[in-house]
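Asker: You'll find work-v6.cif just under this line, and it carries mmCIF, C-alpha atoms.
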data_structure
#
loop_
_atom_site.label_atom_id
_atom_site.label_comp_id
_atom_site.auth_asym_id
_atom_site.auth_seq_id
_atom_site.Cartn_x
_atom_site.Cartn_y
_atom_site.Cartn_z
CA MET A 195 17.55 16.97 8.15
CA THR A 196 14.34 15.08 8.95
CA GLU A 197 14.93 11.89 10.92
CA ARG A 198 13.86 8.89 8.89
CA LEU A 199 12.36 5.68 10.12
CA PRO A 200 13.47 2.36 8.64
CA ARG A 201 11.99 1.83 5.20
CA THR A 202 9.89 -1.32 5.36
CA GLU A 203 11.99 -3.22 7.85
CA PRO A 204 10.08 -5.51 10.23
CA ASN A 205 9.09 -4.29 13.66
CA ASP A 206 7.35 -6.03 16.53
CA PHE A 207 3.88 -5.05 15.36
CA THR A 208 4.19 -6.02 11.71
CA GLU A 209 6.01 -9.26 12.54
CA GLY A 210 3.20 -10.15 14.90
CA ILE A 211 0.56 -9.94 12.18
CA ARG A 212 2.50 -11.30 9.20
CA GLN A 213 1.12 -14.83 9.43
CA ALA A 214 -2.39 -13.75 10.41
CA ALA A 215 -2.81 -11.36 7.47
CA ALA A 216 -3.48 -14.16 4.97
CA GLU A 217 -6.03 -15.70 7.35
CA TRP A 218 -7.85 -12.39 7.70
CA ASP A 219 -8.06 -12.12 3.93
CA THR A 220 -9.89 -15.46 3.88
CA ALA A 221 -11.95 -14.94 7.03
CA GLY A 222 -13.18 -11.45 6.11
CA GLY A 223 -11.09 -9.33 8.43
CA PRO A 224 -9.05 -9.03 11.62
CA PRO A 225 -10.49 -9.13 15.14
CA ARG A 226 -11.84 -5.89 16.58
CA ASP A 227 -9.05 -5.56 19.12
CA MET A 228 -6.56 -4.93 16.30
CA ALA A 229 -7.58 -1.27 16.37
CA GLU A 230 -6.47 -0.98 19.98
CA ARG A 231 -3.24 -2.82 19.20
CA MET A 232 -2.54 -0.45 16.30
CA ALA A 233 -3.17 2.52 18.59
CA LYS A 234 -0.75 1.17 21.20
CA ALA A 235 1.83 0.76 18.42
CA GLY A 236 1.51 4.49 17.72
CA LEU A 237 -0.18 4.09 14.33
CA LEU A 238 -3.67 5.55 14.60
CA GLY A 239 -2.59 8.88 16.06
CA ALA A 240 0.58 8.97 14.02
CA ASP A 241 0.13 12.49 12.65
CA LEU A 242 -2.05 14.12 15.32
CA PRO A 243 -0.82 16.80 17.73
CA ALA A 244 -0.38 15.64 21.33
CA ASP A 245 -3.25 17.91 22.42
CA TYR A 246 -5.62 15.78 20.37
CA GLY A 247 -4.36 12.31 21.21
CA GLY A 248 -1.08 12.05 19.34
CA SER A 249 1.38 10.02 21.37
CA ALA A 250 5.09 10.38 22.02
CA ARG A 251 5.59 7.83 19.24
CA SER A 252 3.67 9.90 16.73
CA ALA A 253 5.34 10.58 13.41
CA ARG A 254 6.68 14.12 13.29
CA SER A 255 6.73 14.49 9.55
CA ALA A 256 4.90 13.37 6.44
CA LEU A 257 7.94 11.31 5.48
CA GLN A 258 7.85 9.42 8.76
CA LEU A 259 4.11 8.87 8.43
CA GLY A 260 4.76 7.53 4.94
CA GLU A 261 7.38 5.08 6.16
CA LEU A 262 5.05 3.85 8.90
CA THR A 263 2.33 3.35 6.32
CA ALA A 264 4.68 1.51 3.95
CA ALA A 265 5.79 -0.82 6.73
CA LEU A 266 2.19 -1.73 7.48
CA GLY A 267 1.26 -1.91 3.79
CA ALA A 268 4.08 -4.40 3.22
CA VAL A 269 2.29 -6.87 5.49
CA CYS A 270 -1.47 -6.26 5.32
CA THR A 271 -3.37 -3.91 3.02
CA SER A 272 -6.54 -4.28 5.06
CA LEU A 273 -4.92 -3.04 8.27
CA ARG A 274 -3.17 -0.29 6.34
CA SER A 275 -6.65 0.68 5.13
CA LEU A 276 -7.77 1.04 8.75
CA LEU A 277 -4.89 3.42 9.36
CA THR A 278 -5.82 5.30 6.18
CA VAL A 279 -9.51 5.77 6.87
CA GLN A 280 -8.91 6.63 10.52
CA THR A 281 -6.37 9.31 9.62
CA MET A 282 -8.44 10.59 6.68
CA VAL A 283 -11.36 11.44 8.95
CA ALA A 284 -9.03 12.75 11.65
CA ALA A 285 -7.26 15.03 9.14
CA ALA A 286 -10.59 16.51 8.01
CA VAL A 287 -11.78 17.12 11.58
CA LEU A 288 -8.40 18.55 12.62
CA ARG A 289 -8.38 20.99 9.69
CA TRP A 290 -12.03 21.99 9.49
CA GLY A 291 -13.73 20.89 12.70
CA THR A 292 -14.64 23.06 15.67
CA GLU A 293 -12.54 22.89 18.81
CA GLU A 294 -15.31 20.89 20.45
CA GLN A 295 -15.36 18.41 17.56
CA ARG A 296 -11.58 18.03 17.72
CA HIS A 297 -11.56 17.33 21.45
CA THR A 298 -14.53 14.98 21.17
CA TRP A 299 -13.39 12.85 18.26
CA LEU A 300 -9.65 13.03 17.69
CA PRO A 301 -8.44 11.44 20.96
CA ALA A 302 -11.04 8.68 20.53
CA LEU A 303 -9.83 8.00 16.97
CA ALA A 304 -6.17 8.07 17.98
CA SER A 305 -6.74 5.58 20.81
CA GLY A 306 -8.81 3.18 18.70
CA GLU A 307 -11.74 3.67 21.09
CA ARG A 308 -13.78 4.83 18.10
CA ILE A 309 -13.45 3.65 14.50
CA ALA A 310 -14.21 6.06 11.67
CA GLY A 311 -15.66 5.50 8.23
CA LEU A 312 -15.66 7.84 5.23
CA ALA A 313 -19.07 7.68 3.56
CA VAL A 314 -18.88 9.42 0.19
CA THR A 315 -19.35 6.96 -2.70
CA GLU A 316 -22.84 6.39 -4.15
CA ALA A 317 -24.28 4.30 -6.95
CA ASP A 318 -24.56 7.28 -9.32
CA ALA A 319 -21.64 9.27 -7.92
CA GLY A 320 -18.42 7.28 -8.16
CA SER A 321 -15.57 9.53 -9.24
CA ASP A 322 -17.91 12.53 -9.58
CA LEU A 323 -18.65 13.36 -5.96
CA ASN A 324 -20.50 16.50 -7.03
CA ALA A 325 -23.31 14.15 -8.04
CA VAL A 326 -24.05 12.73 -4.57
CA GLU A 327 -27.74 12.53 -3.77
CA THR A 328 -27.60 12.03 -0.01
CA THR A 329 -29.52 14.84 1.68
CA ILE A 330 -28.54 16.62 4.89
CA GLU A 331 -31.43 18.91 5.82
CA ARG A 332 -31.88 21.26 8.74
CA ASP A 333 -34.80 20.28 10.97
CA GLY A 334 -35.00 22.72 13.85
CA GLY A 335 -31.84 22.36 15.89
CA ARG A 336 -30.95 19.07 14.25
CA LEU A 337 -29.90 17.66 10.89
CA ARG A 338 -31.76 14.88 9.11
CA VAL A 339 -29.66 12.61 6.88
CA ASN A 340 -31.00 10.35 4.12
CA GLY A 341 -29.07 8.35 1.55
CA ARG A 342 -27.12 5.19 0.76
CA LYS A 343 -23.33 5.06 0.74
CA LEU A 344 -21.30 2.28 -0.88
CA TRP A 345 -17.96 0.62 -0.20
CA VAL A 346 -17.31 2.16 3.19
CA THR A 347 -13.97 0.83 4.42
CA TYR A 348 -14.43 -0.57 7.95
CA GLY A 349 -18.09 0.29 7.65
CA GLU A 350 -18.84 -2.87 9.63
CA TRP A 351 -16.93 -1.49 12.61
CA ALA A 352 -17.38 2.25 12.24
CA ASP A 353 -18.61 4.11 15.32
CA VAL A 354 -18.79 7.38 13.40
CA LEU A 355 -19.11 8.23 9.72
CA LEU A 356 -17.99 11.38 7.97
CA VAL A 357 -20.84 11.66 5.46
CA LEU A 358 -20.86 13.76 2.30
CA GLY A 359 -24.28 14.99 1.25
CA ARG A 360 -26.16 18.04 0.04
CA ASP A 361 -27.92 20.80 1.91
CA GLY A 362 -30.03 22.06 -0.98
CA ASP A 363 -27.47 22.64 -3.72
CA ARG A 364 -24.55 23.03 -1.30
CA PRO A 365 -22.20 20.11 -0.60
CA THR A 366 -21.93 19.55 3.13
CA ALA A 367 -20.25 17.08 5.48
CA VAL A 368 -21.55 15.79 8.78
CA LEU A 369 -20.41 13.36 11.47
CA VAL A 370 -22.98 10.61 12.01
CA GLU A 371 -22.69 8.22 14.96
CA THR A 372 -23.63 4.74 13.79
CA ASP A 373 -25.62 3.86 16.92
CA ARG A 374 -28.28 6.39 15.95
CA PRO A 375 -31.67 5.11 14.78
CA GLY A 376 -31.89 4.79 11.01
CA VAL A 377 -28.29 3.67 10.35
CA GLU A 378 -28.23 0.28 8.63
CA ARG A 379 -25.13 -1.68 7.62
CA GLU A 380 -24.89 -4.08 4.69
CA PRO A 381 -21.63 -6.06 5.01
CA VAL A 382 -19.80 -6.78 1.75
CA SER A 383 -17.86 -9.98 1.14
CA GLY A 384 -16.22 -11.78 -1.77
CA GLN A 385 -14.97 -8.62 -3.50
CA LEU A 386 -11.76 -8.71 -5.55
CA GLY A 387 -9.45 -7.13 -2.99
CA LEU A 388 -9.42 -5.63 0.50
CA ARG A 389 -11.28 -8.70 1.70
CA GLY A 390 -10.20 -8.06 5.26
CA ALA A 391 -11.18 -4.38 5.38
CA ARG A 392 -14.65 -4.96 6.89
CA ILE A 393 -16.29 -3.10 4.00
CA ALA A 394 -20.00 -2.28 4.20
CA HIS A 395 -22.68 -0.35 2.36
CA ILE A 396 -24.49 2.07 4.66
CA ARG A 397 -28.15 3.04 4.49
CA LEU A 398 -29.17 6.27 6.25
CA ARG A 399 -32.92 6.57 6.83
CA ASP A 400 -34.04 9.81 8.48
CA VAL A 401 -31.01 9.75 10.77
CA GLU A 402 -31.09 12.72 13.14
CA VAL A 403 -27.87 14.28 14.43
CA PRO A 404 -27.20 17.55 16.25
CA ALA A 405 -26.55 20.54 14.03
CA GLU A 406 -23.18 20.80 15.82
CA ASN A 407 -22.10 17.61 14.00
CA ARG A 408 -21.76 19.50 10.73
CA VAL A 409 -18.10 19.96 9.79
CA ALA A 410 -17.51 23.41 8.22
CA PRO A 411 -20.34 25.52 6.74
CA PRO A 412 -22.58 24.24 3.92
CA GLY A 413 -20.84 24.62 0.57
CA PHE A 414 -17.46 23.57 1.98
CA GLY A 415 -18.28 19.88 2.43
CA LEU A 416 -16.61 18.59 -0.73
CA SER A 417 -13.94 21.12 -1.71
CA HIS A 418 -12.62 21.56 1.83
CA VAL A 419 -13.68 18.82 4.27
CA ILE A 420 -13.81 15.78 2.00
CA GLY A 421 -11.05 17.27 -0.16
CA THR A 422 -8.73 17.25 2.86
CA ALA A 423 -9.68 13.67 3.70
CA LEU A 424 -9.12 12.43 0.14
CA ASP A 425 -5.78 14.18 -0.17
CA HIS A 426 -4.64 12.50 3.03
CA GLY A 427 -5.99 9.20 1.73
CA ARG A 428 -4.09 9.46 -1.54
CA PHE A 429 -0.89 10.13 0.36
CA THR A 430 -1.21 7.11 2.65
CA VAL A 431 -2.45 4.83 -0.14
CA ALA A 432 0.62 5.80 -2.16
CA TRP A 433 2.95 4.83 0.66
CA GLY A 434 0.99 1.66 1.37
CA CYS A 435 1.46 0.67 -2.27
CA VAL A 436 5.19 1.38 -1.98
CA GLY A 437 5.25 -1.14 0.85
CA MET A 438 3.30 -3.67 -1.23
CA ALA A 439 5.69 -3.34 -4.18
CA ASP A 440 8.77 -3.63 -1.97
CA ALA A 441 7.38 -6.73 -0.23
CA CYS A 442 6.51 -8.47 -3.49
CA LEU A 443 9.95 -7.71 -4.91
CA GLU A 444 11.58 -9.10 -1.77
CA GLU A 445 9.51 -12.27 -1.93
CA ALA A 446 10.09 -12.80 -5.65
CA GLY A 447 13.81 -12.15 -5.30
CA GLY A 448 14.12 -14.74 -2.56
CA HIS A 449 12.18 -17.25 -4.62
CA VAL A 450 14.26 -16.97 -7.81
CA LEU A 451 17.49 -17.21 -5.84
CA THR A 452 16.51 -20.45 -4.11
CA ARG A 453 14.22 -22.17 -6.62
CA ARG A 454 16.19 -24.44 -8.92
CA GLN A 455 15.21 -26.13 -12.17
CA ASN A 456 17.51 -28.69 -13.74
CA GLY A 457 20.11 -27.80 -11.16
CA VAL A 458 20.10 -24.08 -12.06
CA ALA A 459 18.64 -21.27 -9.94
CA LEU A 460 15.88 -19.31 -11.66
CA ALA A 461 17.89 -16.16 -11.01
CA GLU A 462 20.50 -17.36 -13.48
CA HIS A 463 18.10 -17.01 -16.40
CA GLU A 464 18.39 -13.71 -18.25
CA LEU A 465 14.64 -13.27 -18.67
CA VAL A 466 14.13 -13.69 -14.93
CA ARG A 467 16.88 -11.21 -14.13
CA ALA A 468 15.39 -8.70 -16.56
CA LYS A 469 11.99 -9.08 -14.89
CA ILE A 470 13.51 -8.53 -11.43
CA ALA A 471 15.18 -5.37 -12.74
CA GLU A 472 11.87 -4.06 -14.09
CA MET A 473 10.18 -4.75 -10.76
CA HIS A 474 12.93 -2.93 -8.89
CA LEU A 475 12.68 0.11 -11.15
CA ALA A 476 8.90 0.30 -10.74
CA ALA A 477 9.15 0.07 -6.95
CA ALA A 478 12.03 2.54 -6.71
CA SER A 479 10.31 5.06 -8.98
CA ALA A 480 7.15 4.88 -6.89
CA ARG A 481 9.14 5.42 -3.70
CA ALA A 482 10.88 8.45 -5.19
CA LEU A 483 7.54 10.08 -6.06
CA ALA A 484 6.15 9.23 -2.61
CA GLU A 485 9.19 10.81 -0.96
CA ARG A 486 8.77 13.91 -3.12
CA ALA A 487 5.11 14.12 -2.09
CA ALA A 488 6.17 13.87 1.57
CA ARG A 489 8.76 16.63 1.24
CA LEU A 490 6.27 18.97 -0.42
CA ARG A 491 3.69 18.10 2.21
CA ASP A 492 6.09 18.91 5.02
CA ASP A 493 6.97 22.19 3.29
CA ARG A 494 3.26 23.01 2.80
CA ALA A 495 4.12 23.64 -0.84
CA PRO A 496 1.38 24.61 -3.35
CA ASP A 497 2.25 21.52 -5.40
CA ALA A 498 1.73 19.10 -2.50
CA ALA A 499 -1.76 17.92 -3.51
CA SER A 500 -0.71 17.34 -7.11
CA ALA A 501 2.37 15.47 -5.92
CA ALA A 502 0.16 13.18 -3.83
CA PHE A 503 -1.93 12.43 -6.93
CA ALA A 504 1.22 11.57 -8.90
CA ALA A 505 2.63 9.41 -6.11
CA LYS A 506 -0.62 7.53 -5.65
CA TYR A 507 -0.94 6.87 -9.38
CA ALA A 508 2.64 5.66 -9.77
CA ALA A 509 2.67 3.61 -6.57
CA ALA A 510 -0.63 1.88 -7.30
CA ARG A 511 0.61 0.96 -10.77
CA ALA A 512 3.88 -0.27 -9.29
CA ALA A 513 2.06 -2.40 -6.72
CA ALA A 514 -0.11 -3.85 -9.49
CA SER A 515 2.76 -4.65 -11.88
CA VAL A 516 5.24 -5.88 -9.26
CA SER A 517 2.67 -8.13 -7.55
CA ARG A 518 1.61 -9.50 -10.95
CA ASP A 519 5.21 -10.30 -11.87
CA ALA A 520 5.85 -11.79 -8.42
CA VAL A 521 2.97 -14.21 -8.96
CA GLN A 522 4.31 -15.08 -12.40
CA LEU A 523 7.85 -15.72 -11.20
CA GLN A 524 6.67 -17.91 -8.32
CA GLY A 525 4.32 -19.95 -10.49
CA ALA A 526 2.07 -22.27 -8.50
CA ALA A 527 3.51 -20.99 -5.21
CA GLY A 528 2.45 -17.48 -6.18
CA CYS A 529 -1.14 -18.65 -6.65
CA ALA A 530 -1.35 -20.43 -3.27
CA PRO A 531 -3.97 -19.25 -0.76
CA ASP A 532 -1.32 -18.00 1.65
CA SER A 533 0.76 -16.24 -1.01
CA LEU A 534 1.45 -12.61 -0.23
CA ALA A 535 1.90 -11.86 -3.92
CA GLN A 536 -1.52 -13.14 -4.97
CA ARG A 537 -3.20 -11.26 -2.10
CA PHE A 538 -1.43 -8.04 -3.03
CA PHE A 539 -2.15 -8.65 -6.72
CA ARG A 540 -5.87 -8.49 -5.92
CA ASP A 541 -5.51 -5.61 -3.49
CA ALA A 542 -3.42 -3.55 -5.90
CA LYS A 543 -6.16 -3.46 -8.51
CA VAL A 544 -8.44 -1.87 -5.92
CA MET A 545 -5.72 0.68 -5.16
CA GLN A 546 -5.88 1.78 -8.81
CA ILE A 547 -9.55 2.66 -8.32
CA ILE A 548 -9.95 4.18 -4.85
CA GLU A 549 -9.05 7.75 -3.82
CA GLY A 550 -9.04 8.80 -7.47
CA ALA A 551 -9.04 6.18 -10.23
CA ASP A 552 -6.03 6.04 -12.54
CA GLU A 553 -7.92 7.85 -15.31
CA VAL A 554 -8.96 10.68 -12.99
CA ALA A 555 -5.44 10.95 -11.61
CA LEU A 556 -3.98 11.30 -15.10
CA LEU A 557 -6.34 14.18 -15.88
CA ARG A 558 -5.46 15.95 -12.65
CA ILE A 559 -1.74 15.48 -13.21
CA ALA A 560 -2.02 16.74 -16.81
CA GLU A 561 -3.99 19.79 -15.67
CA HIS A 562 -1.29 20.59 -13.15
CA VAL A 563 1.47 20.29 -15.76
CA LEU A 564 -0.36 22.26 -18.44
CA GLY A 565 -1.65 24.83 -16.00
CA GLY A 566 1.89 25.78 -15.11
CA ARG A 567 2.84 26.03 -18.78
CA ARG A 568 -0.21 28.18 -19.53
CA ALA A 569 0.88 30.61 -16.85
CA ARG A 570 4.37 30.84 -18.35
CA THR A 571 3.21 31.22 -21.97
CA ALA A 572 0.19 33.51 -21.49
CA PRO A 573 0.42 36.65 -23.71
CA SER A 574 1.02 39.98 -22.06
CA ARG A 575 -2.09 41.86 -21.01
CA ASN A 576 -0.27 45.21 -20.91
CA PRO A 577 -2.42 47.57 -23.08
CA ALA A 578 0.58 49.57 -24.16
CA GLY A 579 2.43 46.45 -25.15
CA ASN A 580 -0.54 45.14 -27.11
CA GLU A 581 -0.92 48.46 -28.91
CA ALA A 582 2.74 48.45 -29.81
CA ALA A 583 2.41 44.95 -31.17
CA ARG A 584 -0.42 46.07 -33.46
#
In structure tokens, write the structure found in this file.
Answerer:
Amino acid sequence: MTERLPRTEPNDFTEGIRQAAAEWDTAGGPPRDMAERMAKAGLLGADLPADYGGSARSARSALQLGELTAALGAVCTSLRSLLTVQTMVAAAVLRWGTEEQRHTWLPALASGERIAGLAVTEADAGSDLNAVETTIERDGGRLRVNGRKLWVTYGEWADVLLVLGRDGDRPTAVLVETDRPGVEREPVSGQLGLRGARIAHIRLRDVEVPAENRVAPPGFGLSHVIGTALDHGRFTVAWGCVGMADACLEEAGGHVLTRRQNGVALAEHELVRAKIAEMHLAAASARALAERAARLRDDRAPDAASAAFAAKYAAARAAASVSRDAVQLQGAAGCAPDSLAQRFFRDAKVMQIIEGADEVALLRIAEHVLGGRRARTAPSRNPAGNEAAR
């Protein structure tokens, strides 16, 4: 049986940032040394092999990675997003990169020495990444990159970007170091959620990189390289949302047990108790789907990607509904600037959009369900059988 870590119980790292998380949300993000602190806590290389920078504290299974992500998500969505984007890019390079790329980038990402950004979204290519217009053209022994990418998580900090673009009509992915001439950052502030995630828009103007920075051959950039990154992202976002829902339920439960009106605890009111029950069911259901996704991932099952979609959809909705109800139950306290519930309420709405919006997720889940039924109900193609039927 796979050894399990504690669910979302506090540890030294998460306890150390609990109070600061609300301040980062207001100030626009954590200090840069948090990446190094996360690496020392065994988070950034949590699912990398030791040969590529994974430490002795690395998670040995998808379930353990999920629990680590939930524990961090229960305290700070913005730092959980750093873990997510770092491991998304690492997963893509580990799966599709050359041995030289793996040895160059993965230890640096695991140690926090380098911060990664995933640059895929564009103004006219939100959910439809086939419509990206960024160009990645061969120019002698180098590649020339032009385009503008939006909403890059930790784009302010990123030392390297995994960029999705087009080589002619072929989707392609390339690693772009941000200290190269032509890379311009446009910091974003005041957005609804993820206010501490150092988000930036990135302009790429005739940025030249070695041809060796391409990850996988042209044509494989979206379906394979970015597909791997997004699948990993959906998995960790799902678990981060599980942590958010659990934390909001814990906070709301404590509030209704101790807050009294007219000498009676709020928890004694039937409507309040019913709401707490609904919150528990939403959080527990999300966790169950996330655990299923982890098991299938560990088993390398064909349904693993679809399970990650389902878990991300359910967990993001749970985080949104449970945080909303936590704000409602806490009243004015839930609206306070330092309220975890109001911060997660804003963050959760973003979770319903990124790594596959709810509407896209529903279509993918339905296709998976109906695809299996089509296979089971397809008519026989045996010529003899068809002739006999006629």
Asker: Which residue gives the smallest distance to Asn205 of chain A among A:Thr366, A:His297, A:Ala265, A:Arg342, with only C-alpha atoms counted?
Answerer: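 Between A:Thr366, A:His297, A:Ala265, A:Arg342, the residue approaching Asn205 of chain A most closely is A:Ala265.
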Asker: Quick check on the file I pasted: which residues fall under the PyMOL selection byres ((chain A and resi 365) around 7)? Write them as a list in words.
Answerer: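 Output of the PyMOL selection byres ((chain A and resi 365) around 7): Gly359, Arg360, Asp361, Asp363, Arg364, Thr366, Pro412, Gly413, Phe414, Gly415 and Leu416 of chain A.
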Asker: Take the PyMOL selection byres ((chain A and resi 494-498) around 12), apply it to the structure above, and return the hits as a PDB file with C-alpha atoms, keeping the file's coordinate frame.
Answerer:
ATOM      1  CA  SER A 255       6.730  14.490   9.550  1.00  0.00           C
ATOM      2  CA  ALA A 256       4.900  13.370   6.440  1.00  0.00           C
ATOM      3  CA  THR A 422      -8.730  17.250   2.860  1.00  0.00           C
ATOM      4  CA  ASP A 425      -5.780  14.180  -0.170  1.00  0.00           C
ATOM      5  CA  HIS A 426      -4.640  12.500   3.030  1.00  0.00           C
ATOM      6  CA  ARG A 428      -4.090   9.460  -1.540  1.00  0.00           C
ATOM      7  CA  PHE A 429      -0.890  10.130   0.360  1.00  0.00           C
ATOM      8  CA  LEU A 483       7.540  10.080  -6.060  1.00  0.00           C
ATOM      9  CA  ALA A 484       6.150   9.230  -2.610  1.00  0.00           C
ATOM     10  CA  GLU A 485       9.190  10.810  -0.960  1.00  0.00           C
ATOM     11  CA  ARG A 486       8.770  13.910  -3.120  1.00  0.00           C
ATOM     12  CA  ALA A 487       5.110  14.120  -2.090  1.00  0.00           C
ATOM     13  CA  ALA A 488       6.170  13.870   1.570  1.00  0.00           C
ATOM     14  CA  ARG A 489       8.760  16.630   1.240  1.00  0.00           C
ATOM     15  CA  LEU A 490       6.270  18.970  -0.420  1.00  0.00           C
ATOM     16  CA  ARG A 491       3.690  18.100   2.210  1.00  0.00           C
ATOM     17  CA  ASP A 492       6.090  18.910   5.020  1.00  0.00           C
ATOM     18  CA  ASP A 493       6.970  22.190   3.290  1.00  0.00           C
ATOM     19  CA  ALA A 499      -1.760  17.920  -3.510  1.00  0.00           C
ATOM     20  CA  SER A 500      -0.710  17.340  -7.110  1.00  0.00           C
ATOM     21  CA  ALA A 501       2.370  15.470  -5.920  1.00  0.00           C
ATOM     22  CA  ALA A 502       0.160  13.180  -3.830  1.00  0.00           C
ATOM     23  CA  PHE A 503      -1.930  12.430  -6.930  1.00  0.00           C
ATOM     24  CA  ALA A 504       1.220  11.570  -8.900  1.00  0.00           C
ATOM     25  CA  ALA A 505       2.630   9.410  -6.110  1.00  0.00           C
ATOM     26  CA  ARG A 558      -5.460  15.950 -12.650  1.00  0.00           C
ATOM     27  CA  ILE A 559      -1.740  15.480 -13.210  1.00  0.00           C
ATOM     28  CA  HIS A 562      -1.290  20.590 -13.150  1.00  0.00           C
ATOM     29  CA  VAL A 563       1.470  20.290 -15.760  1.00  0.00           C
ATOM     30  CA  GLY A 565      -1.650  24.830 -16.000  1.00  0.00           C
ATOM     31  CA  GLY A 566       1.890  25.780 -15.110  1.00  0.00           C
TER      32      GLY A 566
END
Asker: Can you tell me which residues surround segment 529-544 of chain A at a distance of at most 8 Å, considering all atoms listed in the file, apart from same-chain residues fewer than 5 positions away, and format the answer as a list in words?
Answerer: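 That gives Ala216, Glu217, Asp219, Thr271, Leu386, Gly387, Leu388, Cys435, Met438, Cys442, Glu445, Ala510, Arg511, Ala513, Ala514, Ser517, Arg518, Ala520 and Val521 of chain A.
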Asker: Quick check on the file I pasted: which residues fall under the PyMOL selection byres ((chain A and resi 404) around 7)? Write them as a list in words.
Answerer: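 Selected by the PyMOL selection byres ((chain A and resi 404) around 7) in this file: Gly335, Arg336, Leu337, Glu402, Val403, Ala405, Glu406 and Asn407 of chain A.
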Asker: Store the residues of this selection in a file with C-alpha atoms, as a PDB file, in the coordinates of the input.
Answerer:
ATOM      1  CA  GLY A 335     -31.840  22.360  15.890  1.00  0.00           C
ATOM      2  CA  ARG A 336     -30.950  19.070  14.250  1.00  0.00           C
ATOM      3  CA  LEU A 337     -29.900  17.660  10.890  1.00  0.00           C
ATOM      4  CA  GLU A 402     -31.090  12.720  13.140  1.00  0.00           C
ATOM      5  CA  VAL A 403     -27.870  14.280  14.430  1.00  0.00           C
ATOM      6  CA  ALA A 405     -26.550  20.540  14.030  1.00  0.00           C
ATOM      7  CA  GLU A 406     -23.180  20.800  15.820  1.00  0.00           C
ATOM      8  CA  ASN A 407     -22.100  17.610  14.000  1.00  0.00           C
TER       9      ASN A 407
END
Asker: May I have the residues at most 12 Å from (12.1, -8.8, -1.7) in the file's coordinates, counting only C-alpha atoms, as a list in words?
Answerer: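 The requested residues, written out, are Thr202, Glu203, Ala268, Gly437, Met438, Ala439, Asp440, Ala441, Cys442, Leu443, Glu444, Glu445, Ala446, Gly447, Gly448, His449, Val450, Leu451, Ile470, Ala471, Met473, His474, Ala477, Val516, Ser517, Ala520, Leu534 and Ala535 of chain A.
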Asker: Please define a box with edges along x, y and z of the file around all atoms of segment 436-447 of chain A given in the file, extend it by 3 Å on each side, and return its centre and edge lengths in Å to one decimal, as JSON.
Answerer:
{"center_x": 8.6, "center_y": -5.7, "center_z": -2.4, "size_x": 16.5, "size_y": 20.2, "size_z": 12.5}
Asker: Using all atoms listed in the file, which residue out of A:Leu358, A:Leu300, A:Leu523, A:Ala432 lies closest to Ser275 of chain A?
Answerer: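 Once distances to Ser275 of chain A are computed over all atoms listed in the file, the minimum belongs to A:Ala432.
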Asker: Calculated over all atoms listed in the file, which of the candidates A:Leu355, A:Ala512, A:Ile309, A:Val431 has the smallest distance to Met232 of chain A?
Answerer: A:Ile309
Asker: Quote the spacing between atom CA of Gln258 of chain A and atom CA of Leu237 of chain A in Å to one decimal place.
Answerer: 11.1 Å
Asker: From the options A:Leu312, A:Ala214, A:Val357, A:Val409, which residue's atoms come nearest to Ser272 of chain A, counting only C-alpha atoms?
Answerer: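 Looking only at the distances to Ser272 of chain A, the closest residue turns out to be A:Ala214.
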Asker: Could you tell me which of A:Ala240, A:Trp290, A:His395, A:Ala551 comes closest to Glu261 of chain A if we count all atoms listed in the file?
Answerer: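 Using all atoms listed in the file, Glu261 of chain A sits closest to A:Ala240.
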Asker: Measure the distance from atom CA of Leu273 of chain A to atom CA of Ala229 of chain A in Å and round it to one decimal.
Answerer: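 Going from atom CA of Leu273 of chain A over to atom CA of Ala229 of chain A covers 8.7 Å.
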Asker: Can you tell me how far atom CA of Pro381 of chain A sits from atom CA of Glu350 of chain A, in Å to one decimal?
Answerer: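 Spanning atom CA of Pro381 of chain A to atom CA of Glu350 of chain A is a straight-line distance of 6.3 Å.
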